[in-house]
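Text of upload.txt (compact mmCIF, C-alpha atoms (C1' of nucleotides)) as supplied:
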```txt
# COMPACT_ATOMS: atom_id res chain seq x y z
CA MET A 891 86.25 84.81 100.72
CA LEU A 892 85.22 88.32 101.63
CA HIS A 893 87.69 89.34 104.25
CA ASP A 894 88.62 92.38 102.30
CA PRO A 895 89.64 94.82 105.06
CA ALA A 896 87.79 97.67 103.40
CA GLN A 897 84.61 95.61 103.33
CA LEU A 898 84.94 94.89 107.05
CA ASP A 899 85.51 98.60 107.68
CA LEU A 900 82.22 99.40 105.99
CA MET A 901 80.44 96.61 107.81
CA PHE A 902 81.57 97.41 111.33
CA GLN A 903 81.23 101.12 110.67
CA ALA A 904 77.66 100.51 109.53
CA LEU A 905 76.89 98.60 112.72
CA ALA A 906 78.50 101.25 114.94
CA ASP A 907 75.47 103.54 114.83
CA PRO A 908 72.43 102.80 117.02
CA ALA A 909 69.95 104.07 114.43
CA ARG A 910 71.46 101.79 111.80
CA ARG A 911 71.47 98.82 114.16
CA GLN A 912 67.83 99.50 114.88
CA MET A 913 67.15 99.47 111.16
CA VAL A 914 68.95 96.15 110.82
CA GLU A 915 66.94 94.78 113.76
CA ARG A 916 63.74 95.83 112.08
CA LEU A 917 64.82 94.26 108.81
CA SER A 918 65.85 91.02 110.48
CA ARG A 919 62.15 90.61 111.27
CA GLY A 920 61.20 91.12 107.62
CA PRO A 921 61.42 93.55 104.67
CA ALA A 922 60.32 97.15 105.10
CA SER A 923 59.92 100.36 103.14
CA VAL A 924 62.03 103.43 103.86
CA SER A 925 59.11 105.12 105.66
CA GLN A 926 58.54 102.05 107.81
CA LEU A 927 62.20 102.04 108.76
CA ALA A 928 61.99 105.74 109.56
CA GLU A 929 58.84 105.56 111.66
CA PRO A 930 60.39 104.64 115.05
CA LEU A 931 63.41 106.92 114.55
CA ALA A 932 63.51 110.51 115.81
CA MET A 933 65.05 112.02 112.69
CA SER A 934 64.10 113.26 109.25
CA LEU A 935 63.34 110.86 106.43
CA SER A 936 66.32 112.31 104.64
CA ALA A 937 68.61 111.24 107.45
CA VAL A 938 67.16 107.75 107.34
CA VAL A 939 67.84 107.53 103.61
CA GLN A 940 71.45 108.50 104.31
CA HIS A 941 71.77 105.76 106.92
CA LEU A 942 70.19 103.37 104.48
CA ASN A 943 72.82 104.25 101.89
CA VAL A 944 75.53 103.44 104.43
CA LEU A 945 73.91 100.07 105.12
CA GLU A 946 73.59 99.35 101.43
CA ALA A 947 77.21 100.31 100.72
CA SER A 948 78.31 97.95 103.47
CA GLY A 949 76.46 95.11 101.80
CA LEU A 950 74.29 94.48 104.85
CA VAL A 951 71.08 95.59 103.17
CA ARG A 952 69.73 95.20 99.67
CA THR A 953 66.95 97.40 98.32
CA GLU A 954 64.66 97.35 95.35
CA LYS A 955 62.36 100.04 94.12
CA LEU A 956 58.90 99.22 92.83
CA GLY A 957 56.78 102.19 91.88
CA ARG A 958 57.39 104.87 94.44
CA VAL A 959 58.30 102.61 97.36
CA ARG A 960 61.74 101.23 98.02
CA THR A 961 61.69 97.91 99.80
CA CYS A 962 64.65 96.96 101.96
CA GLN A 963 65.88 93.54 103.00
CA ILE A 964 68.74 92.18 105.03
CA GLU A 965 71.53 90.42 103.19
CA PRO A 966 72.25 87.61 105.64
CA LYS A 967 75.49 86.52 103.99
CA ALA A 968 77.04 89.92 104.71
CA LEU A 969 76.45 89.66 108.46
CA GLY A 970 78.31 86.37 108.19
CA ALA A 971 81.52 88.18 107.22
CA ALA A 972 81.59 90.19 110.44
CA GLU A 973 80.70 87.11 112.43
CA HIS A 974 83.48 85.21 110.72
CA TRP A 975 86.12 87.77 111.61
CA ILE A 976 85.07 87.74 115.25
CA ASN A 977 85.06 83.94 115.33
CA GLU A 978 88.57 83.81 113.91
CA ARG A 979 89.82 86.07 116.71
CA ARG A 980 88.08 84.03 119.36
CA LEU A 981 89.51 80.83 117.91
CA ALA A 982 93.05 82.21 117.85
CA TRP A 983 92.59 83.35 121.41
CA GLU A 984 91.28 80.00 122.58
CA ARG A 985 93.98 78.02 120.76
CA ARG A 986 96.50 80.18 122.54
CA LEU A 987 94.92 79.57 125.94
CA ASP A 988 94.92 75.82 125.22
CA ARG A 989 98.61 75.85 124.39
CA LEU A 990 99.25 77.87 127.52
CA GLY A 991 97.22 75.36 129.53
CA ASP A 992 99.20 72.46 128.08
CA PHE A 993 102.43 74.20 128.87
CA LEU A 994 101.40 74.85 132.45
CA ALA A 995 100.23 71.24 132.87
CA GLU A 996 103.57 69.95 131.54
CA THR A 997 105.51 72.29 133.75
CA LYS A 998 103.54 71.05 136.71
CA ASP A 999 104.33 67.39 135.83
CA GLU A 1000 107.98 68.28 135.88
CA THR A 1001 108.03 69.44 139.49
CA MET B 568 73.66 91.35 130.03
CA LEU B 569 75.76 93.88 128.18
CA HIS B 570 73.62 94.87 125.27
CA ASP B 571 73.81 98.45 126.26
CA PRO B 572 73.52 100.21 122.88
CA ALA B 573 76.27 102.66 123.79
CA GLN B 574 78.60 99.78 124.58
CA LEU B 575 77.88 98.19 121.19
CA ASP B 576 78.52 101.56 119.53
CA LEU B 577 81.97 101.67 121.08
CA MET B 578 82.64 98.06 120.22
CA PHE B 579 81.68 98.17 116.56
CA GLN B 580 83.23 101.60 116.18
CA ALA B 581 86.46 100.21 117.59
CA LEU B 582 86.40 97.33 115.11
CA ALA B 583 85.64 99.61 112.16
CA ASP B 584 89.25 100.71 111.77
CA PRO B 585 91.78 98.44 110.04
CA ALA B 586 94.65 99.51 112.28
CA ARG B 587 92.62 98.69 115.36
CA ARG B 588 91.51 95.36 113.95
CA GLN B 589 95.15 94.57 113.23
CA MET B 590 95.96 95.37 116.84
CA VAL B 591 93.19 93.06 118.01
CA GLU B 592 94.48 90.34 115.67
CA ARG B 593 97.93 90.72 117.14
CA LEU B 594 96.57 90.57 120.67
CA SER B 595 94.45 87.51 119.94
CA ARG B 596 97.77 85.71 119.47
CA GLY B 597 99.01 86.89 122.87
CA PRO B 598 99.74 89.97 125.00
CA ALA B 599 101.94 92.75 123.64
CA SER B 600 103.46 96.06 124.62
CA VAL B 601 102.44 99.33 122.96
CA SER B 602 105.66 99.39 120.90
CA GLN B 603 105.10 95.84 119.75
CA LEU B 604 101.59 96.75 118.65
CA ALA B 605 102.95 99.79 116.84
CA GLU B 606 105.75 97.99 115.05
CA PRO B 607 103.83 96.72 111.97
CA LEU B 608 101.75 99.90 111.66
CA ALA B 609 102.75 102.82 109.44
CA MET B 610 101.94 105.57 111.93
CA SER B 611 103.42 107.37 114.90
CA LEU B 612 103.52 105.76 118.33
CA SER B 613 101.25 108.54 119.48
CA ALA B 614 98.58 107.51 116.99
CA VAL B 615 98.84 103.92 118.17
CA VAL B 616 98.33 105.00 121.78
CA GLN B 617 95.20 106.85 120.68
CA HIS B 618 93.87 103.75 118.91
CA LEU B 619 94.69 101.76 122.01
CA ASN B 620 92.62 104.14 124.11
CA VAL B 621 89.68 103.59 121.78
CA LEU B 622 90.07 99.83 122.14
CA GLU B 623 90.31 100.11 125.89
CA ALA B 624 87.24 102.36 126.13
CA SER B 625 85.30 99.82 124.09
CA GLY B 626 86.20 97.11 126.58
CA LEU B 627 87.89 94.98 123.94
CA VAL B 628 91.37 95.40 125.40
CA ARG B 629 92.67 95.60 128.92
CA THR B 630 96.09 97.06 129.73
CA GLU B 631 98.38 97.10 132.70
CA LYS B 632 101.49 99.14 133.24
CA LEU B 633 104.53 97.65 134.90
CA GLY B 634 107.55 99.90 135.09
CA ARG B 635 107.71 101.79 131.84
CA VAL B 636 106.02 99.19 129.64
CA ARG B 637 102.28 98.87 129.22
CA THR B 638 101.15 95.38 128.45
CA CYS B 639 97.94 94.88 126.49
CA GLN B 640 95.62 91.91 126.40
CA ILE B 641 92.36 91.05 124.68
CA GLU B 642 89.25 90.89 126.82
CA PRO B 643 87.55 87.89 125.22
CA LYS B 644 84.20 88.42 126.93
CA ALA B 645 83.81 91.78 125.21
CA LEU B 646 84.10 90.32 121.71
CA GLY B 647 81.29 88.01 122.79
CA ALA B 648 78.88 90.96 123.07
CA ALA B 649 79.33 91.90 119.42
CA GLU B 650 79.07 88.27 118.42
CA HIS B 651 75.89 87.93 120.46
CA TRP B 652 74.20 90.87 118.78
CA ILE B 653 75.00 89.47 115.33
CA ASN B 654 73.78 86.02 116.31
CA GLU B 655 70.49 87.45 117.55
CA ARG B 656 69.89 89.11 114.18
CA ARG B 657 70.75 85.97 112.28
CA LEU B 658 68.43 83.94 114.51
CA ALA B 659 65.53 86.36 114.02
CA TRP B 660 66.16 86.26 110.30
CA GLU B 661 66.24 82.47 110.19
CA ARG B 662 63.14 82.08 112.35
CA ARG B 663 61.36 84.35 109.93
CA LEU B 664 62.49 82.34 106.92
CA ASP B 665 61.30 79.17 108.65
CA ARG B 666 57.87 80.64 109.27
CA LEU B 667 57.76 81.80 105.67
CA GLY B 668 58.74 78.30 104.54
CA ASP B 669 55.99 76.77 106.66
CA PHE B 670 53.47 79.21 105.27
CA LEU B 671 54.46 78.46 101.69
CA ALA B 672 54.33 74.71 102.34
CA GLU B 673 50.84 75.04 103.82
CA THR B 674 49.67 77.18 100.96
CA LYS B 675 50.94 74.58 98.54
CA ASP B 676 49.01 71.82 100.36
CA GLU B 677 45.86 73.81 99.93
CA THR B 678 45.97 73.90 96.13
C1' DG C 362 123.91 110.34 137.20
C1' DC C 363 122.41 110.29 132.67
C1' DA C 364 121.28 108.93 128.22
C1' DA C 365 118.30 105.87 125.97
C1' DT C 366 113.73 103.59 126.22
C1' DA C 367 108.72 103.54 126.57
C1' DG C 368 105.06 105.85 126.78
C1' DT C 369 101.91 110.15 127.54
C1' DT C 370 99.74 114.58 126.61
C1' DA C 371 98.43 118.62 124.13
C1' DA C 372 97.51 121.26 120.17
C1' DG C 373 96.49 121.55 115.53
C1' DT C 374 94.40 120.02 111.14
C1' DA C 375 92.10 117.81 107.22
C1' DA C 376 88.58 114.80 106.28
C1' DA C 377 84.53 112.17 107.47
C1' DT C 378 79.91 111.81 110.00
C1' DG C 379 75.32 112.72 111.25
C1' DC C 380 72.33 115.48 111.04
C1' DT C 381 69.19 119.60 109.11
C1' DT C 382 66.28 122.10 105.63
C1' DC C 383 64.64 122.84 101.24
C1' DA C 384 63.74 122.07 96.68
C1' DG C 385 63.04 118.60 93.53
C1' DT C 386 61.01 113.87 91.03
C1' DT C 387 58.04 110.00 90.38
C1' DT C 388 53.89 107.41 91.41
C1' DT C 389 49.44 106.80 92.73
C1' DG C 390 44.61 107.31 94.04
C1' DA C 391 40.36 109.82 93.88
C1' DT D 1358 44.17 116.04 86.38
C1' DC D 1359 46.12 117.05 90.33
C1' DA D 1360 47.22 116.75 95.14
C1' DA D 1361 49.26 113.70 98.37
C1' DA D 1362 52.70 110.05 99.21
C1' DA D 1363 57.23 108.27 98.98
C1' DC D 1364 61.22 109.18 98.33
C1' DT D 1365 65.81 111.72 96.42
C1' DG D 1366 69.64 115.04 96.22
C1' DA D 1367 72.18 119.06 97.33
C1' DA D 1368 73.94 122.35 100.45
C1' DG D 1369 75.22 123.66 104.92
C1' DC D 1370 76.82 122.98 109.61
C1' DA D 1371 78.50 121.20 114.11
C1' DT D 1372 80.99 117.39 115.83
C1' DT D 1373 84.03 113.61 115.75
C1' DT D 1374 87.94 111.03 113.83
C1' DA D 1375 92.49 109.97 112.63
C1' DC D 1376 96.17 111.48 112.30
C1' DT D 1377 100.62 114.81 112.94
C1' DT D 1378 104.39 117.14 115.59
C1' DA D 1379 106.45 118.59 119.64
C1' DA D 1380 107.18 118.82 124.35
C1' DC D 1381 107.05 116.10 128.48
C1' DT D 1382 107.38 112.26 132.26
C1' DA D 1383 108.78 108.26 134.15
C1' DT D 1384 112.09 103.83 134.09
C1' DT D 1385 116.04 101.38 133.28
C1' DG D 1386 120.72 99.97 132.19
C1' DC D 1387 125.37 101.18 132.26
```
As structure tokens, how would this structure be written, given the file I've shared?
Amino acid sequence: MLHDPAQLDLMFQALADPARRQMVERLSRGPASVSQLAEPLAMSLSAVVQHLNVLEASGLVRTEKLGRVRTCQIEPKALGAAEHWINERRLAWERRLDRLGDFLAETKDET
Amino acid sequence: MLHDPAQLDLMFQALADPARRQMVERLSRGPASVSQLAEPLAMSLSAVVQHLNVLEASGLVRTEKLGRVRTCQIEPKALGAAEHWINERRLAWERRLDRLGDFLAETKDET
DNA sequence: GCAATAGTTAAGTAAATGCTTCAGTTTTGA
DNA sequence: TCAAAACTGAAGCATTTACTTAACTATTGC
């Protein structure tokens, strides 16, 4: 489920920018409005909205508008997809090292 | 250790491309030469070398040249840095949900 | 030695990114 | 009612990305 390559592209791409990671960090401590997200960042509000759109397109963030304020939240399941991909690679790598270890142990026995 | 923002930029940026992820997948199953990495990819060898340079700059891949063939390997510790950042966010998120749960439980008691 | 192999480097290009400013649109509070 | 607050969207611009082709440099096997 959800290892659509294009989805992972969007996800990793979204996380590749320090401003966007900072926004995700802020949101992992609780929901925030666009202005609140913008406050610590040295760029225009417009730029922040553009980053926010990237995050939303990647599925990492969900937003909802009530009145004139848009409230943003993390979508924790989405982060899981990136985590999952990385874990798969690590697992494959470790399985391989285990097999290599076994092989070397066997070879040693045979001396 | 190693949550230099610039390093994470390079890492996530490197993982944001499907060709590069495919190269990492291949390498997580064992070392490979540049041509072997290129073989399943529909692009010139030159393009593959350029992707490889991105991966190497990100610290995800280490290469070594012997004679005329360059052998590439995954650097498993590097993947750990990306994983760590994601885990931190998930933890912060979960801690927050726990606190929220506690708060709601308390509030309920007080009715 | 010399052609094939394996990779490297440079230059060029089309598209995508990360901003900016400016001109809107809704909401809201006094 | 009307100005301030909180965005939103479009246009423009400099930079970076993801390629390409073409020319080049080592290595290796015969």
Would you mind listing what lies within 12 Å of DC1387 in chain D as a list in words, with all atoms listed in the file counted and same-chain residues fewer than 6 positions away left out? DG362, DC363, DA364 and DA365 of chain C
Write a file of the selected residues as a compact mmCIF listing (two decimals), in the coordinates of the input, keeping C-alpha atoms (C1' of nucleotides).
```txt
# COMPACT_ATOMS: atom_id res chain seq x y z
C1' DG C 362 123.91 110.34 137.20
C1' DC C 363 122.41 110.29 132.67
C1' DA C 364 121.28 108.93 128.22
C1' DA C 365 118.30 105.87 125.97
```
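The space between C1' of DA1383 in chain D and CA of Lys632 in chain B spans 11.7 Å.
Closest approach to DT1384 in chain D from the set B:Gly634, B:Ala649, B:Pro598, B:Asp584 is made by B:Gly634, with distances taken over all atoms listed in the file.
The shell of residues at most 7 Å from Ala971 in chain A, with only C-alpha atoms (C1' of nucleotides) counted and near chain neighbours (fewer than 3 positions) removed, consists of Leu892, His893, Ala968, His974 and Trp975 of chain A.
Any residue of chain A with an atom within 12 Å of chain C counts; using all atoms listed in the file, that gives A:Gln903, A:Ala904, A:Ala906, A:Asp907, A:Pro908, A:Ala909, A:Arg910, A:Ala932, A:Met933, A:Ser934, A:Leu935, A:Ser936, A:Ala937, A:Val938, A:Val939, A:Gln940, A:His941, A:Val944, A:Lys955, A:Leu956, A:Gly957, A:Arg958, A:Val959, A:Arg960.
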Counting all atoms listed in the file, collect the residues of chain A whose closest atom lies at most 10 Å from chain B, and write them out as number ranges by chain. A: 895-909, 911-912, 914-920, 964-967, 969-970, 972-987
Distance table requested - chain D against chain A, cut-off 9 Å, only C-alpha atoms (C1' of nucleotides): one row per qualifying residue with the closest atom pair and its distance in Å to one decimal, ordered by chain and rising residue number, as a tab-separated table.
```
residue	atom	partner	partner_atom	distance
D:DA1362	C1'	A:Arg958	CA	8.5
D:DA1363	C1'	A:Arg958	CA	5.7
D:DC1364	C1'	A:Arg958	CA	7.0
D:DT1365	C1'	A:Ser936	CA	8.3
```
Work out how far CA of Gln926 in chain A is from CA of Cys962 in chain A, in Å to one decimal.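 Here the two named atoms are 9.9 Å from each other.
Atom pair CA of Met590 in chain B / CA of Pro607 in chain B has a distance of 9.4 Å (rounded to one decimal).
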